[in-house]
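Visitor: The structure's right below; bear with me while I get my questions together.
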Amino acid sequence: MAGTILYLENVTVDFDGFKAIQNLNSYIEYGELRFLIGPNGAGKTTLLDVICGKTKLTEGRVIFDNTEITRKSEHEIVKMGICRKFQTPSVFNNLTVFENLELAVQKHRGILASLFRNLTAEQAEKINATLENIGLADQAGVKAGSLSHGQKQWLEIGMQLVQDPELLLLDEPVAGMTKKETEKTGQLLREIAKNRSVLVVEHDMEFVRNFAQKVTVMHEGKILCEGTVDKVQSDPKVIEVYLGR
Ligand code: ADP
């Protein structure tokens, strides 16, 4: 599984004269777990918005799986295999864990249609395998509303996984988690990145140090440094940005 899944080429986003991202170039490999860090206002969220098609670029190109997606709609981009998870869990509290996954696996249908239609054997198999992966197999029949914060986050990651994305975009997945949940989430992301690519915006530096393969540091709309945890931690520009605040 070698090669590049995502190219960001000269990406620039201009909000009425304010450049939130400026001439950014980067790429993500197949099977990579990448962390995106940087102080508030660095442009991290805008970059995720660009990749999933929510925000359009002013200049530059985004290439996913050898296809240019720069002008594609969010809907088309999801269908091509990019899934985004926001910081706050958005599971259906009144449905069970299994039903939440059932909805996600048939996302193109309406809620009612999904719940009244039987799953194919393949879909049921996918849900069961995902329940194991996210550590919620014994909670399948439990209402999502009664899960812990960490379990809700894993369920939502599971809701992405059953859609078979090639690239997962996650926004601060461990915010508000206990140490144990954070560790478990790191292991889960590692497992996921064995056959998909994952890009995580993160503020928890201990989490980044423990689990990142490669880190991209953004500052003022540009990449300040990119590389291994050791490389970015010892980069004088990164130290200045973090310690100078
Ligand atoms: P981060 O996620 O790194 O904190 P953001 O991507 O949210 O940074 O924001 C980068 C910069 O772009 C910030 O200065 C922010 O105020 C600005 N910005 C973000 N979205 C918009 C918008 N829709 N219109 C104008 N400015 C925006």
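Chain labels follow the order of the structure tokens: the first chain is A, the next B, and so on; residue numbering restarts at 1 in every chain, and ligands are counted from 1 in their shown order.
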Return as JSON lines the residues of chain A lying at most 8 Å from ligand 1, together with the closest atom-to-atom pair for each and the distance in Å to one decimal, counting only C-alpha atoms and all ligand atoms, with rows in chain order and ascending residue number.
Guide:
{"residue": "A:Phe15", "atom": "CA", "partner": "ligand 1", "partner_atom_place_in_ligand_line": "25 (C)", "distance": 4.9}
{"residue": "A:Asp16", "atom": "CA", "partner": "ligand 1", "partner_atom_place_in_ligand_line": "25 (C)", "distance": 7.1}
{"residue": "A:Phe18", "atom": "CA", "partner": "ligand 1", "partner_atom_place_in_ligand_line": "26 (N)", "distance": 6.8}
{"residue": "A:Lys19", "atom": "CA", "partner": "ligand 1", "partner_atom_place_in_ligand_line": "12 (O)", "distance": 7.2}
{"residue": "A:Ala20", "atom": "CA", "partner": "ligand 1", "partner_atom_place_in_ligand_line": "12 (O)", "distance": 4.2}
{"residue": "A:Ile21", "atom": "CA", "partner": "ligand 1", "partner_atom_place_in_ligand_line": "10 (C)", "distance": 7.4}
{"residue": "A:Ile37", "atom": "CA", "partner": "ligand 1", "partner_atom_place_in_ligand_line": "3 (O)", "distance": 7.7}
{"residue": "A:Gly38", "atom": "CA", "partner": "ligand 1", "partner_atom_place_in_ligand_line": "3 (O)", "distance": 6.1}
{"residue": "A:Pro39", "atom": "CA", "partner": "ligand 1", "partner_atom_place_in_ligand_line": "3 (O)", "distance": 6.1}
{"residue": "A:Asn40", "atom": "CA", "partner": "ligand 1", "partner_atom_place_in_ligand_line": "4 (O)", "distance": 3.6}
{"residue": "A:Gly41", "atom": "CA", "partner": "ligand 1", "partner_atom_place_in_ligand_line": "8 (O)", "distance": 3.5}
{"residue": "A:Ala42", "atom": "CA", "partner": "ligand 1", "partner_atom_place_in_ligand_line": "3 (O)", "distance": 3.7}
{"residue": "A:Gly43", "atom": "CA", "partner": "ligand 1", "partner_atom_place_in_ligand_line": "6 (O)", "distance": 3.2}
{"residue": "A:Lys44", "atom": "CA", "partner": "ligand 1", "partner_atom_place_in_ligand_line": "3 (O)", "distance": 3.8}
{"residue": "A:Thr45", "atom": "CA", "partner": "ligand 1", "partner_atom_place_in_ligand_line": "2 (O)", "distance": 3.7}
{"residue": "A:Thr46", "atom": "CA", "partner": "ligand 1", "partner_atom_place_in_ligand_line": "6 (O)", "distance": 3.7}
{"residue": "A:Leu47", "atom": "CA", "partner": "ligand 1", "partner_atom_place_in_ligand_line": "6 (O)", "distance": 6.4}
{"residue": "A:Met218", "atom": "CA", "partner": "ligand 1", "partner_atom_place_in_ligand_line": "3 (O)", "distance": 7.4}
{"residue": "A:His219", "atom": "CA", "partner": "ligand 1", "partner_atom_place_in_ligand_line": "3 (O)", "distance": 7.7}
{"residue": "A:Glu220", "atom": "CA", "partner": "ligand 1", "partner_atom_place_in_ligand_line": "10 (C)", "distance": 7.4}
{"residue": "A:Gly221", "atom": "CA", "partner": "ligand 1", "partner_atom_place_in_ligand_line": "10 (C)", "distance": 6.8}
Visitor: Please extract the residues of segment 6-117 of chain A with a backbone DSSP assignment of strand (DSSP E or B) and present them as a VMD selection string.
Guide: chain A and resid 6 to 15 18 to 29 33 to 37 59 to 64 67 to 68 82 to 85 96
Visitor: Can those selected residues be exported to a file as an mmCIF file, in the first residue's frame so that it contains C-alpha atoms?
Guide:
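Once written, out.cif looks like this:
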data_model
loop_
_atom_site.group_PDB
_atom_site.id
_atom_site.type_symbol
_atom_site.label_atom_id
_atom_site.label_comp_id
_atom_site.auth_asym_id
_atom_site.auth_seq_id
_atom_site.Cartn_x
_atom_site.Cartn_y
_atom_site.Cartn_z
ATOM 1 C CA LEU A 6 -3.695 13.107 -0.926
ATOM 2 C CA TYR A 7 -1.773 15.939 -2.556
ATOM 3 C CA LEU A 8 -2.257 19.518 -1.438
ATOM 4 C CA GLU A 9 -0.753 21.697 -4.108
ATOM 5 C CA ASN A 10 -0.185 25.386 -3.550
ATOM 6 C CA VAL A 11 -3.384 25.600 -1.471
ATOM 7 C CA THR A 12 -4.477 29.160 -0.721
ATOM 8 C CA VAL A 13 -7.697 30.220 1.007
ATOM 9 C CA ASP A 14 -8.527 33.889 1.056
ATOM 10 C CA PHE A 15 -11.423 35.098 3.221
ATOM 11 C CA PHE A 18 -7.372 37.565 4.780
ATOM 12 C CA LYS A 19 -5.257 34.571 3.809
ATOM 13 C CA ALA A 20 -6.216 31.761 6.221
ATOM 14 C CA ILE A 21 -3.977 29.403 4.198
ATOM 15 C CA GLN A 22 -1.121 30.523 1.982
ATOM 16 C CA ASN A 23 0.569 28.448 -0.733
ATOM 17 C CA LEU A 24 0.501 25.274 1.297
ATOM 18 C CA ASN A 25 2.073 22.126 -0.147
ATOM 19 C CA SER A 26 1.915 18.722 1.487
ATOM 20 C CA TYR A 27 0.990 15.119 0.852
ATOM 21 C CA ILE A 28 -0.273 12.145 2.826
ATOM 22 C CA GLU A 29 0.707 8.561 2.066
ATOM 23 C CA LEU A 33 -1.467 8.358 10.638
ATOM 24 C CA ARG A 34 -0.715 12.088 10.364
ATOM 25 C CA PHE A 35 -1.186 14.710 13.043
ATOM 26 C CA LEU A 36 -1.812 18.368 12.243
ATOM 27 C CA ILE A 37 -0.905 20.763 15.028
ATOM 28 C CA GLU A 59 -5.783 29.011 -5.554
ATOM 29 C CA GLY A 60 -4.191 25.595 -5.793
ATOM 30 C CA ARG A 61 -5.338 22.006 -6.227
ATOM 31 C CA VAL A 62 -6.356 19.060 -4.057
ATOM 32 C CA ILE A 63 -5.743 15.609 -5.521
ATOM 33 C CA PHE A 64 -7.231 12.555 -3.836
ATOM 34 C CA THR A 67 -8.310 12.459 -9.007
ATOM 35 C CA GLU A 68 -8.512 16.218 -8.703
ATOM 36 C CA ILE A 82 -13.097 11.063 2.514
ATOM 37 C CA CYS A 83 -14.949 11.116 5.860
ATOM 38 C CA ARG A 84 -14.837 13.933 8.392
ATOM 39 C CA LYS A 85 -15.543 13.689 12.077
ATOM 40 C CA THR A 96 -28.783 1.769 19.981
#
Visitor: Atom CA of Leu101 of chain A and atom CA of Ser146 of chain A are how many Å apart?
Guide: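 One can read the atom CA of Leu101 of chain A to atom CA of Ser146 of chain A distance as 15.8 Å.
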Visitor: So which residues touch Gln233 of chain A within 12 Å, counting only C-alpha atoms, skipping near sequence neighbours fewer than 3 positions away, as number ranges by chain?
Guide: A: 37, 205-206, 208-209, 214-217, 224-230, 236-243
Visitor: Residues as selected, C-alpha atoms, written as an mmCIF file, in the first residue's frame, can you do that?
Guide:
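Produced file out_0.cif, reproduced below:
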data_model
loop_
_atom_site.group_PDB
_atom_site.id
_atom_site.type_symbol
_atom_site.label_atom_id
_atom_site.label_comp_id
_atom_site.auth_asym_id
_atom_site.auth_seq_id
_atom_site.Cartn_x
_atom_site.Cartn_y
_atom_site.Cartn_z
ATOM 1 C CA ILE A 37 -0.905 20.763 15.028
ATOM 2 C CA MET A 205 0.775 17.071 22.651
ATOM 3 C CA GLU A 206 1.314 13.985 24.759
ATOM 4 C CA VAL A 208 0.704 13.398 19.432
ATOM 5 C CA ARG A 209 4.097 12.325 20.828
ATOM 6 C CA LYS A 214 4.492 12.226 11.006
ATOM 7 C CA VAL A 215 3.460 15.676 12.207
ATOM 8 C CA THR A 216 2.588 18.798 10.227
ATOM 9 C CA VAL A 217 2.941 22.041 12.175
ATOM 10 C CA LEU A 224 6.175 25.730 9.694
ATOM 11 C CA CYS A 225 7.687 22.261 9.857
ATOM 12 C CA GLU A 226 6.793 18.724 8.835
ATOM 13 C CA GLY A 227 8.320 15.406 9.832
ATOM 14 C CA THR A 228 8.749 12.966 12.684
ATOM 15 C CA VAL A 229 7.846 13.929 16.253
ATOM 16 C CA ASP A 230 11.564 14.245 17.065
ATOM 17 C CA PRO A 236 13.700 26.135 16.523
ATOM 18 C CA LYS A 237 10.791 27.738 14.603
ATOM 19 C CA VAL A 238 8.309 25.364 16.264
ATOM 20 C CA ILE A 239 9.805 25.966 19.718
ATOM 21 C CA GLU A 240 9.562 29.704 19.188
ATOM 22 C CA VAL A 241 5.901 29.556 18.119
ATOM 23 C CA TYR A 242 4.907 27.351 21.054
ATOM 24 C CA LEU A 243 7.069 28.826 23.777
#
Visitor: Would you pick out the contacts of Val91 of chain A at 10 Å or less, using only C-alpha atoms, so that residues sharing its chain but fewer than 5 positions from it are not included, and give the list as a list in words?
Guide: Thr96, Val97, Asn100, Leu101, Ala144, Gly145, Lys152, Gln153, Leu155, Glu156 and Met159 of chain A
Visitor: In Å, rounded to a single decimal, give me how far atom CA of Lys54 of chain A is from atom CA of Glu74 of chain A.
Guide: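 That distance, rounded to one decimal, is 5.9 Å.
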Visitor: Using 12 Å as the limit and counting only C-alpha atoms, can you tabulate each residue of segment 95-175 of chain A that touches segment 189-202 of chain A, with its shortest atom-to-atom distance in Å and the two atoms involved, as CSV?
Guide:
residue,atom,partner,partner_atom,distance
A:Thr130,CA,A:Ile192,CA,10.4
A:Glu132,CA,A:Glu191,CA,11.8
A:Asn133,CA,A:Glu191,CA,8.3
A:Ile134,CA,A:Leu189,CA,9.7
A:Gln153,CA,A:Leu189,CA,12.0
A:Trp154,CA,A:Leu189,CA,10.0
A:Ile157,CA,A:Leu189,CA,9.3
A:Gly158,CA,A:Ile192,CA,10.2
A:Gln160,CA,A:Ile192,CA,11.0
A:Leu161,CA,A:Ile192,CA,8.5
A:Val162,CA,A:Ile192,CA,11.8
A:Asp164,CA,A:Arg196,CA,8.9
A:Pro165,CA,A:Arg196,CA,7.4
A:Glu166,CA,A:Arg196,CA,5.1
A:Leu167,CA,A:Ser197,CA,4.7
A:Leu168,CA,A:Val198,CA,4.8
A:Leu169,CA,A:Leu199,CA,5.0
A:Leu170,CA,A:Val200,CA,4.7
A:Asp171,CA,A:Val201,CA,5.0
A:Glu172,CA,A:Glu202,CA,4.8
A:Pro173,CA,A:Glu202,CA,7.6
A:Val174,CA,A:Glu202,CA,8.2
A:Ala175,CA,A:Glu202,CA,8.5
Visitor: Could you write out, as a ChimeraX atom specification, all the residues of segment 3-174 of chain A that DSSP marks as alpha helix (DSSP H)?
Guide: /A:44-51,74-80,97-105,111-116,121-133,149-161
